[in-house]
Structure formats: C-alpha cells, structure tokens
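Q: Input file: model-v3.cif. Contents: mmCIF, C-alpha atoms.
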```cif
data_structure
#
loop_
_atom_site.label_atom_id
_atom_site.label_comp_id
_atom_site.auth_asym_id
_atom_site.auth_seq_id
_atom_site.Cartn_x
_atom_site.Cartn_y
_atom_site.Cartn_z
CA MET A 1 -175.64 7.41 -10.33
CA SER A 2 -177.23 4.11 -11.32
CA ARG A 3 -180.52 5.53 -12.66
CA GLU A 4 -180.87 8.20 -15.34
CA ILE A 5 -183.80 9.51 -17.38
CA GLU A 6 -182.75 9.31 -21.01
CA GLY A 7 -185.63 11.15 -22.63
CA THR A 8 -189.24 11.22 -23.74
CA ILE A 9 -190.65 8.15 -25.47
CA ALA A 10 -194.12 9.56 -26.13
CA ALA A 11 -196.57 12.13 -24.79
CA TYR A 12 -200.32 12.69 -24.98
CA VAL A 13 -202.17 15.90 -24.18
CA TYR A 14 -205.75 15.96 -22.92
CA GLU A 15 -208.20 18.76 -22.20
CA ASN A 16 -210.16 18.28 -18.98
CA GLY A 17 -208.41 14.95 -18.51
CA VAL A 18 -210.40 13.15 -21.24
CA ASN A 19 -210.43 14.97 -24.60
CA PHE A 20 -207.36 13.84 -26.53
CA LEU A 21 -205.47 16.57 -28.40
CA GLY A 22 -203.14 15.32 -31.17
CA LEU A 23 -199.96 17.32 -30.81
CA ALA A 24 -196.53 17.23 -32.38
CA LYS A 25 -194.66 19.29 -29.76
CA VAL A 26 -195.19 21.30 -26.55
CA ASP A 27 -192.95 24.15 -25.35
CA MET A 28 -193.28 24.01 -21.57
CA PRO A 29 -193.45 27.16 -19.44
CA ASP A 30 -190.33 28.77 -18.03
CA ILE A 31 -190.62 29.33 -14.29
CA SER A 32 -188.90 32.51 -13.12
CA PHE A 33 -189.26 34.34 -9.85
CA LYS A 34 -189.75 38.07 -9.68
CA THR A 35 -186.75 39.60 -7.92
CA PHE A 36 -185.62 42.25 -5.49
CA THR A 37 -182.27 43.89 -6.14
CA SER A 38 -180.02 44.80 -3.21
CA SER A 39 -177.25 47.34 -3.59
CA GLY A 40 -175.58 49.96 -1.49
CA LEU A 41 -172.57 51.02 0.49
CA GLY A 42 -170.44 48.16 1.72
CA MET A 43 -171.37 45.95 -1.26
CA CYS A 44 -169.10 45.50 -4.25
CA GLY A 45 -172.06 45.09 -6.60
CA ASP A 46 -175.73 44.24 -6.82
CA VAL A 47 -177.41 40.99 -5.85
CA GLU A 48 -180.84 39.70 -6.84
CA HIS A 49 -183.11 37.81 -4.43
CA GLY A 50 -186.14 35.83 -5.57
CA ALA A 51 -189.36 37.35 -4.21
CA LEU A 52 -191.11 34.62 -2.23
CA CYS A 53 -193.98 33.09 -4.24
CA GLN A 54 -193.91 35.84 -6.89
CA PHE A 55 -193.58 34.54 -10.44
CA GLN A 56 -192.95 36.09 -13.83
CA PRO A 57 -195.69 35.28 -16.38
CA MET A 58 -195.56 31.66 -17.56
CA LYS A 59 -196.33 30.79 -21.18
CA MET A 60 -196.81 27.50 -22.98
CA THR A 61 -196.92 26.83 -26.72
CA LEU A 62 -198.63 23.85 -28.34
CA HIS A 63 -197.45 22.98 -31.84
CA PHE A 64 -199.79 21.16 -34.24
CA ARG A 65 -198.78 19.66 -37.56
CA ASP A 66 -201.87 21.15 -39.14
CA THR A 67 -205.18 22.79 -38.30
CA ASN A 68 -207.54 20.43 -36.48
CA THR A 69 -210.38 20.46 -33.97
CA ALA A 70 -207.98 20.63 -31.00
CA PHE A 71 -206.20 23.67 -32.46
CA TYR A 72 -209.48 25.51 -32.90
CA ALA A 73 -210.76 24.45 -29.45
CA LEU A 74 -207.58 25.81 -27.80
CA SER A 75 -208.11 29.08 -29.67
CA ASP A 76 -211.37 29.63 -27.74
CA GLN A 77 -210.86 32.50 -25.31
CA ARG A 78 -211.42 30.70 -21.99
CA ILE A 79 -209.39 28.79 -19.41
CA HIS A 80 -208.48 25.30 -20.62
CA GLN A 81 -207.25 22.69 -18.15
CA LEU A 82 -204.66 20.64 -20.00
CA THR A 83 -203.01 17.41 -18.87
CA LEU A 84 -199.77 16.31 -20.49
CA GLU A 85 -199.01 12.62 -19.86
CA VAL A 86 -195.39 11.73 -20.67
CA ALA A 87 -193.62 8.37 -20.81
CA LYS A 88 -189.89 8.77 -20.17
CA GLN A 89 -187.26 6.15 -20.76
CA VAL A 90 -184.99 5.46 -17.81
CA HIS A 91 -181.70 3.58 -17.87
CA GLU A 92 -180.91 1.41 -14.82
CA TYR A 93 -177.17 0.99 -15.28
CA GLN A 94 -176.55 -1.52 -12.48
CA ALA A 95 -179.62 -3.66 -13.21
CA GLY A 96 -179.22 -3.40 -16.98
CA GLU A 97 -182.90 -2.55 -17.38
CA ILE A 98 -184.83 0.16 -19.22
CA PRO A 99 -187.95 0.97 -17.16
CA VAL A 100 -190.48 3.69 -17.97
CA THR A 101 -191.20 6.67 -15.71
CA GLY A 102 -194.53 8.46 -15.93
CA VAL A 103 -194.45 12.26 -15.79
CA LYS A 104 -197.66 14.27 -15.70
CA TYR A 105 -198.18 18.02 -16.05
CA VAL A 106 -201.50 19.75 -15.35
CA VAL A 107 -201.87 23.38 -16.41
CA ASP A 108 -204.54 26.05 -16.65
CA PHE A 109 -204.01 27.50 -20.13
CA GLU A 110 -205.52 30.72 -21.47
CA PRO A 111 -204.90 31.35 -25.18
CA LEU A 112 -203.02 34.53 -26.07
CA LYS A 113 -201.94 33.94 -29.67
CA THR A 114 -202.32 31.49 -32.52
CA THR A 115 -200.10 31.28 -35.57
CA GLY A 116 -201.33 30.20 -38.96
CA GLY A 117 -198.13 28.49 -40.03
CA SER A 118 -197.48 28.30 -43.75
CA ILE A 119 -199.18 26.54 -46.62
CA GLU A 120 -197.22 24.85 -49.38
CA PRO A 121 -197.62 21.59 -51.30
CA ALA A 122 -196.83 18.31 -49.52
CA THR A 123 -196.00 20.07 -46.23
CA PRO A 124 -197.76 20.31 -42.85
CA GLN A 125 -199.04 23.79 -42.02
CA ASN A 126 -197.31 23.86 -38.55
CA VAL A 127 -199.75 25.99 -36.56
CA THR A 128 -199.34 26.92 -32.88
CA ALA A 129 -201.46 27.98 -29.93
CA GLU A 130 -199.61 30.03 -27.29
CA GLY A 131 -201.13 30.79 -23.93
CA SER A 132 -200.66 32.04 -20.44
CA VAL A 133 -200.30 29.45 -17.66
CA SER A 134 -201.83 30.44 -14.32
CA MET A 135 -201.60 27.02 -12.65
CA PHE A 136 -198.87 24.41 -13.09
CA LYS A 137 -198.57 20.99 -11.42
CA GLU A 138 -195.83 18.47 -12.07
CA PHE A 139 -195.89 14.80 -10.99
CA ILE A 140 -193.28 12.06 -11.37
CA ASN A 141 -194.65 8.52 -10.97
CA GLY A 142 -197.74 9.98 -9.29
CA ILE A 143 -195.80 12.04 -6.71
CA LEU A 144 -196.34 15.81 -6.72
CA GLU A 145 -193.01 17.53 -7.38
CA ARG A 146 -194.21 21.12 -7.81
CA HIS A 147 -197.49 23.05 -7.72
CA ILE A 148 -197.77 26.72 -8.63
CA ASP A 149 -201.11 28.51 -8.75
CA VAL A 150 -200.70 32.26 -9.13
CA THR A 151 -204.43 33.00 -8.78
CA LYS A 152 -204.88 30.98 -5.57
CA TYR A 153 -201.48 31.91 -4.10
CA ILE A 154 -200.10 28.37 -3.89
CA TYR A 155 -196.47 27.34 -4.25
CA ILE A 156 -195.61 23.81 -3.17
CA GLY A 157 -192.06 22.71 -3.90
CA HIS A 158 -190.38 19.32 -4.27
CA ASP A 159 -190.14 18.97 -0.48
CA GLY A 160 -193.94 19.25 -0.11
CA VAL A 161 -193.78 22.59 1.73
CA ASP A 162 -196.33 25.22 0.70
CA ARG A 163 -194.15 28.32 0.86
CA ALA A 164 -197.16 30.54 0.13
CA ALA A 165 -199.10 29.40 3.23
CA PRO A 166 -197.55 32.07 5.55
CA ILE A 167 -198.32 34.73 2.94
CA ARG A 168 -201.96 33.58 2.62
CA LYS A 169 -202.19 33.66 6.42
CA ALA A 170 -200.75 37.20 6.58
CA LEU A 171 -203.25 38.29 3.91
CA ASN A 172 -206.14 36.55 5.71
CA MET A 173 -206.85 34.35 2.67
CA ALA A 174 -208.99 31.26 3.23
CA TYR A 175 -207.25 28.29 1.55
#
```
The structure in this file should be written as structure tokens.

A:
Amino acid sequence: MSREIEGTIAAYVYENGVNFLGLAKVDMPDISFKTFTSSGLGMCGDVEHGALCQFQPMKMTLHFRDTNTAFYALSDQRIHQLTLEVAKQVHEYQAGEIPVTGVKYVVDFEPLKTTGGSIEPATPQNVTAEGSVSMFKEFINGILERHIDVTKYIYIGHDGVDRAAPIRKALNMAY
C-alpha cells in the first residue's frame, strides 16, 4: 500500500457547526450491532448474527482540561449537535509526500454524566462530559463513509447503501 494514515495532527469540536469547544480529548462511540443467536441440533455450537440496522447504545465522552463554558454548556440536558473536524497526517510512500486528510464526524449528543475531575495545585482538573449518541455521521475528505440515525431509522454504509430503507418501507415510515 502506497498511502497510509499515520495519525491525528489536530482536531476541533464545534456545537451547531459554529461554537468552538476547546477540548483535550474525545472518546468516540463504539458501534455494535444487536445480535440474534442461532443454536440447535445439527450445529456444533452457537453463532451470532448482527440484527439488521439494530444498534447497541452508543456513547461518547468529551474530556476537558478544566471547567469552562463548553463543559457547562454540554452539561445542559438537551440534544447537542456536535461536529468534530480532524486533520490526519497521511504518508504517501511512493511520492514521498505527507498530505493531510480531513475527517469529519457529526453526532447528536445527549448528556448522561459529567465528572468533576480532581483539584490539586498546579494541575488541570480533568473534567468529562459523557453522553448518548443517537445520530453519527462520518466523512473522509467530504465523502460520507457512514451514517447511523437510530431515531430516524437510517443506516448508510461505506458503499452508500441505506440498509434501513427496506425496513422503513415495511414499517410504512415516510423518509
């Protein structure tokens, strides 16, 4: 492979696409499917199958060096639309270049828990805001790679196929 992403150079987080939130670190949501388990006569064990467009709860944690306006704003019990803009360093082995790839995440975030960190001299407090993610979009260089919206029954994968469309049709949902 002649092109490889080496890692994150920098990242900015915004609320509603414009309000800058100064963050030290973001723990991204894990994406896990709910599963069916098959077992029975003629099988030498159990096997799990991912349930189509059914996801386990997704959580995201935002880490702040200290208390600030953004930390308190994200503690407000409402849905926050957050945009995480990431600059990733790429290594082009054959060309000998180091271009930058833009990665963007858009999430609907509902706060579930905040931590107060710890207070001691000459040390950041290290507070966090943890929340539930009901919508998750991921773009690489402006191209949609994945879109999950558990409240609107949307699941678009890397190939651009909305695997939830037949389910919405069967349920007579208008989207």

Q: Please indicate the distance in Å from atom CA of A:Ile148 to atom CA of A:Val127, rounded to one decimal place.

A: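 Interatomic distance here is 28.0 Å.
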
Q: May I ask for the distance between atom CA of A:Tyr93 and atom CA of A:Arg3, given in Å to one decimal place?

A: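 Spanning atom CA of A:Tyr93 to atom CA of A:Arg3 is a straight-line distance of 6.2 Å.
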
Q: Check the smallest atom-to-atom distance from each of A:Ala87, A:Ala11, A:Phe33, A:Leu62 to A:Pro99 using all atoms listed in the file, then report the winner.

A: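 That would be A:Ala87, the residue with the smallest distance to A:Pro99.
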
Q: Quick one, how far is atom CA of A:Ile98 from atom CA of A:Phe139?

A: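 Going from atom CA of A:Ile98 over to atom CA of A:Phe139 covers 20.1 Å.
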
Q: Please determine, counting all atoms listed in the file, which residue among A:Phe20, A:Tyr155, A:Phe136, A:Tyr14 has the shortest atom-to-atom distance to A:Arg168.

A: A:Tyr155

Q: Report as an NGL selection string the residues that result from applying the PyMOL selection byres ((chain A and resi 163) around 12) to the structure here.

A: :A and (51-54 or 146-149 or 153-162 or 164-169)

Q: Go ahead and write the selection's residues with C-alpha atoms as a PDB file, in the frame of the given file.

A:
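Everything below was put into result29.pdb:
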```pdb
ATOM      1  CA  ALA A  51    -189.360  37.350  -4.210  1.00  0.00           C
ATOM      2  CA  LEU A  52    -191.110  34.620  -2.230  1.00  0.00           C
ATOM      3  CA  CYS A  53    -193.980  33.090  -4.240  1.00  0.00           C
ATOM      4  CA  GLN A  54    -193.910  35.840  -6.890  1.00  0.00           C
ATOM      5  CA  ARG A 146    -194.210  21.120  -7.810  1.00  0.00           C
ATOM      6  CA  HIS A 147    -197.490  23.050  -7.720  1.00  0.00           C
ATOM      7  CA  ILE A 148    -197.770  26.720  -8.630  1.00  0.00           C
ATOM      8  CA  ASP A 149    -201.110  28.510  -8.750  1.00  0.00           C
ATOM      9  CA  TYR A 153    -201.480  31.910  -4.100  1.00  0.00           C
ATOM     10  CA  ILE A 154    -200.100  28.370  -3.890  1.00  0.00           C
ATOM     11  CA  TYR A 155    -196.470  27.340  -4.250  1.00  0.00           C
ATOM     12  CA  ILE A 156    -195.610  23.810  -3.170  1.00  0.00           C
ATOM     13  CA  GLY A 157    -192.060  22.710  -3.900  1.00  0.00           C
ATOM     14  CA  HIS A 158    -190.380  19.320  -4.270  1.00  0.00           C
ATOM     15  CA  ASP A 159    -190.140  18.970  -0.480  1.00  0.00           C
ATOM     16  CA  GLY A 160    -193.940  19.250  -0.110  1.00  0.00           C
ATOM     17  CA  VAL A 161    -193.780  22.590   1.730  1.00  0.00           C
ATOM     18  CA  ASP A 162    -196.330  25.220   0.700  1.00  0.00           C
ATOM     19  CA  ALA A 164    -197.160  30.540   0.130  1.00  0.00           C
ATOM     20  CA  ALA A 165    -199.100  29.400   3.230  1.00  0.00           C
ATOM     21  CA  PRO A 166    -197.550  32.070   5.550  1.00  0.00           C
ATOM     22  CA  ILE A 167    -198.320  34.730   2.940  1.00  0.00           C
ATOM     23  CA  ARG A 168    -201.960  33.580   2.620  1.00  0.00           C
ATOM     24  CA  LYS A 169    -202.190  33.660   6.420  1.00  0.00           C
TER      25      LYS A 169
END
```

Q: Quick one: stretch 56-92 of chain A with N, CA and C atoms, as a short mmCIF file (atom, residue, chain, number, x, y, z; two decimals), in the frame of the given file?

A:
```
data_model
loop_
_atom_site.label_atom_id
_atom_site.label_comp_id
_atom_site.auth_asym_id
_atom_site.auth_seq_id
_atom_site.Cartn_x
_atom_site.Cartn_y
_atom_site.Cartn_z
N GLN A 56 -192.81 35.41 -12.54
CA GLN A 56 -192.95 36.09 -13.83
C GLN A 56 -194.05 35.34 -14.61
N PRO A 57 -194.67 35.98 -15.59
CA PRO A 57 -195.69 35.28 -16.38
C PRO A 57 -195.13 34.00 -17.02
N MET A 58 -195.94 32.95 -16.96
CA MET A 58 -195.56 31.66 -17.56
C MET A 58 -196.35 31.49 -18.85
N LYS A 59 -195.67 31.03 -19.89
CA LYS A 59 -196.33 30.79 -21.18
C LYS A 59 -196.02 29.38 -21.66
N MET A 60 -196.94 28.85 -22.42
CA MET A 60 -196.81 27.50 -22.98
C MET A 60 -197.26 27.56 -24.43
N THR A 61 -196.55 26.85 -25.31
CA THR A 61 -196.92 26.83 -26.72
C THR A 61 -197.15 25.39 -27.15
N LEU A 62 -198.29 25.16 -27.81
CA LEU A 62 -198.63 23.85 -28.34
C LEU A 62 -198.50 23.92 -29.86
N HIS A 63 -197.72 23.02 -30.40
CA HIS A 63 -197.45 22.98 -31.84
C HIS A 63 -198.27 21.85 -32.46
N PHE A 64 -199.00 22.15 -33.51
CA PHE A 64 -199.79 21.16 -34.24
C PHE A 64 -199.23 21.04 -35.66
N ARG A 65 -199.25 19.85 -36.19
CA ARG A 65 -198.78 19.66 -37.56
C ARG A 65 -199.66 20.42 -38.54
N ASP A 66 -200.95 20.47 -38.24
CA ASP A 66 -201.87 21.15 -39.14
C ASP A 66 -203.09 21.59 -38.35
N THR A 67 -203.95 22.37 -38.97
CA THR A 67 -205.18 22.79 -38.30
C THR A 67 -206.02 21.56 -38.02
N ASN A 68 -206.66 21.54 -36.85
CA ASN A 68 -207.54 20.43 -36.48
C ASN A 68 -208.49 20.93 -35.39
N THR A 69 -209.39 20.08 -34.97
CA THR A 69 -210.38 20.46 -33.97
C THR A 69 -209.72 20.93 -32.68
N ALA A 70 -208.68 20.26 -32.24
CA ALA A 70 -207.98 20.63 -31.00
C ALA A 70 -207.38 22.04 -31.12
N PHE A 71 -206.78 22.34 -32.25
CA PHE A 71 -206.20 23.67 -32.46
C PHE A 71 -207.27 24.75 -32.33
N TYR A 72 -208.41 24.52 -32.96
CA TYR A 72 -209.48 25.51 -32.90
C TYR A 72 -210.09 25.59 -31.49
N ALA A 73 -210.23 24.45 -30.82
CA ALA A 73 -210.76 24.45 -29.45
C ALA A 73 -209.84 25.25 -28.52
N LEU A 74 -208.52 25.07 -28.65
CA LEU A 74 -207.58 25.81 -27.80
C LEU A 74 -207.49 27.29 -28.16
N SER A 75 -208.06 27.66 -29.29
CA SER A 75 -208.11 29.08 -29.67
C SER A 75 -209.27 29.80 -28.99
N ASP A 76 -210.23 29.02 -28.44
CA ASP A 76 -211.37 29.63 -27.74
C ASP A 76 -210.88 30.39 -26.52
N GLN A 77 -211.33 31.63 -26.38
CA GLN A 77 -210.86 32.50 -25.31
C GLN A 77 -211.56 32.14 -23.99
N ARG A 78 -210.96 31.17 -23.29
CA ARG A 78 -211.42 30.70 -21.99
C ARG A 78 -210.26 29.96 -21.34
N ILE A 79 -210.43 29.56 -20.09
CA ILE A 79 -209.39 28.79 -19.41
C ILE A 79 -209.56 27.32 -19.77
N HIS A 80 -208.49 26.72 -20.26
CA HIS A 80 -208.48 25.30 -20.62
C HIS A 80 -207.61 24.57 -19.60
N GLN A 81 -208.12 23.50 -18.99
CA GLN A 81 -207.25 22.69 -18.15
C GLN A 81 -206.67 21.58 -19.01
N LEU A 82 -205.36 21.61 -19.16
CA LEU A 82 -204.66 20.64 -20.00
C LEU A 82 -203.85 19.70 -19.13
N THR A 83 -203.83 18.42 -19.53
CA THR A 83 -203.01 17.41 -18.87
C THR A 83 -202.07 16.82 -19.91
N LEU A 84 -200.79 16.87 -19.62
CA LEU A 84 -199.77 16.31 -20.49
C LEU A 84 -199.22 15.06 -19.80
N GLU A 85 -199.49 13.90 -20.38
CA GLU A 85 -199.01 12.62 -19.86
C GLU A 85 -197.78 12.22 -20.68
N VAL A 86 -196.66 11.98 -19.99
CA VAL A 86 -195.39 11.73 -20.67
C VAL A 86 -194.80 10.41 -20.19
N ALA A 87 -194.36 9.59 -21.13
CA ALA A 87 -193.62 8.37 -20.81
C ALA A 87 -192.15 8.64 -21.08
N LYS A 88 -191.33 8.50 -20.03
CA LYS A 88 -189.89 8.77 -20.17
C LYS A 88 -189.12 7.47 -20.00
N GLN A 89 -188.13 7.32 -20.83
CA GLN A 89 -187.26 6.15 -20.76
C GLN A 89 -186.18 6.39 -19.72
N VAL A 90 -186.00 5.40 -18.87
CA VAL A 90 -184.99 5.46 -17.81
C VAL A 90 -183.97 4.35 -18.08
N HIS A 91 -182.74 4.61 -17.74
CA HIS A 91 -181.70 3.58 -17.87
C HIS A 91 -181.22 3.21 -16.47
N GLU A 92 -181.41 1.95 -16.09
CA GLU A 92 -180.91 1.41 -14.82
C GLU A 92 -179.58 0.75 -15.12
#
```
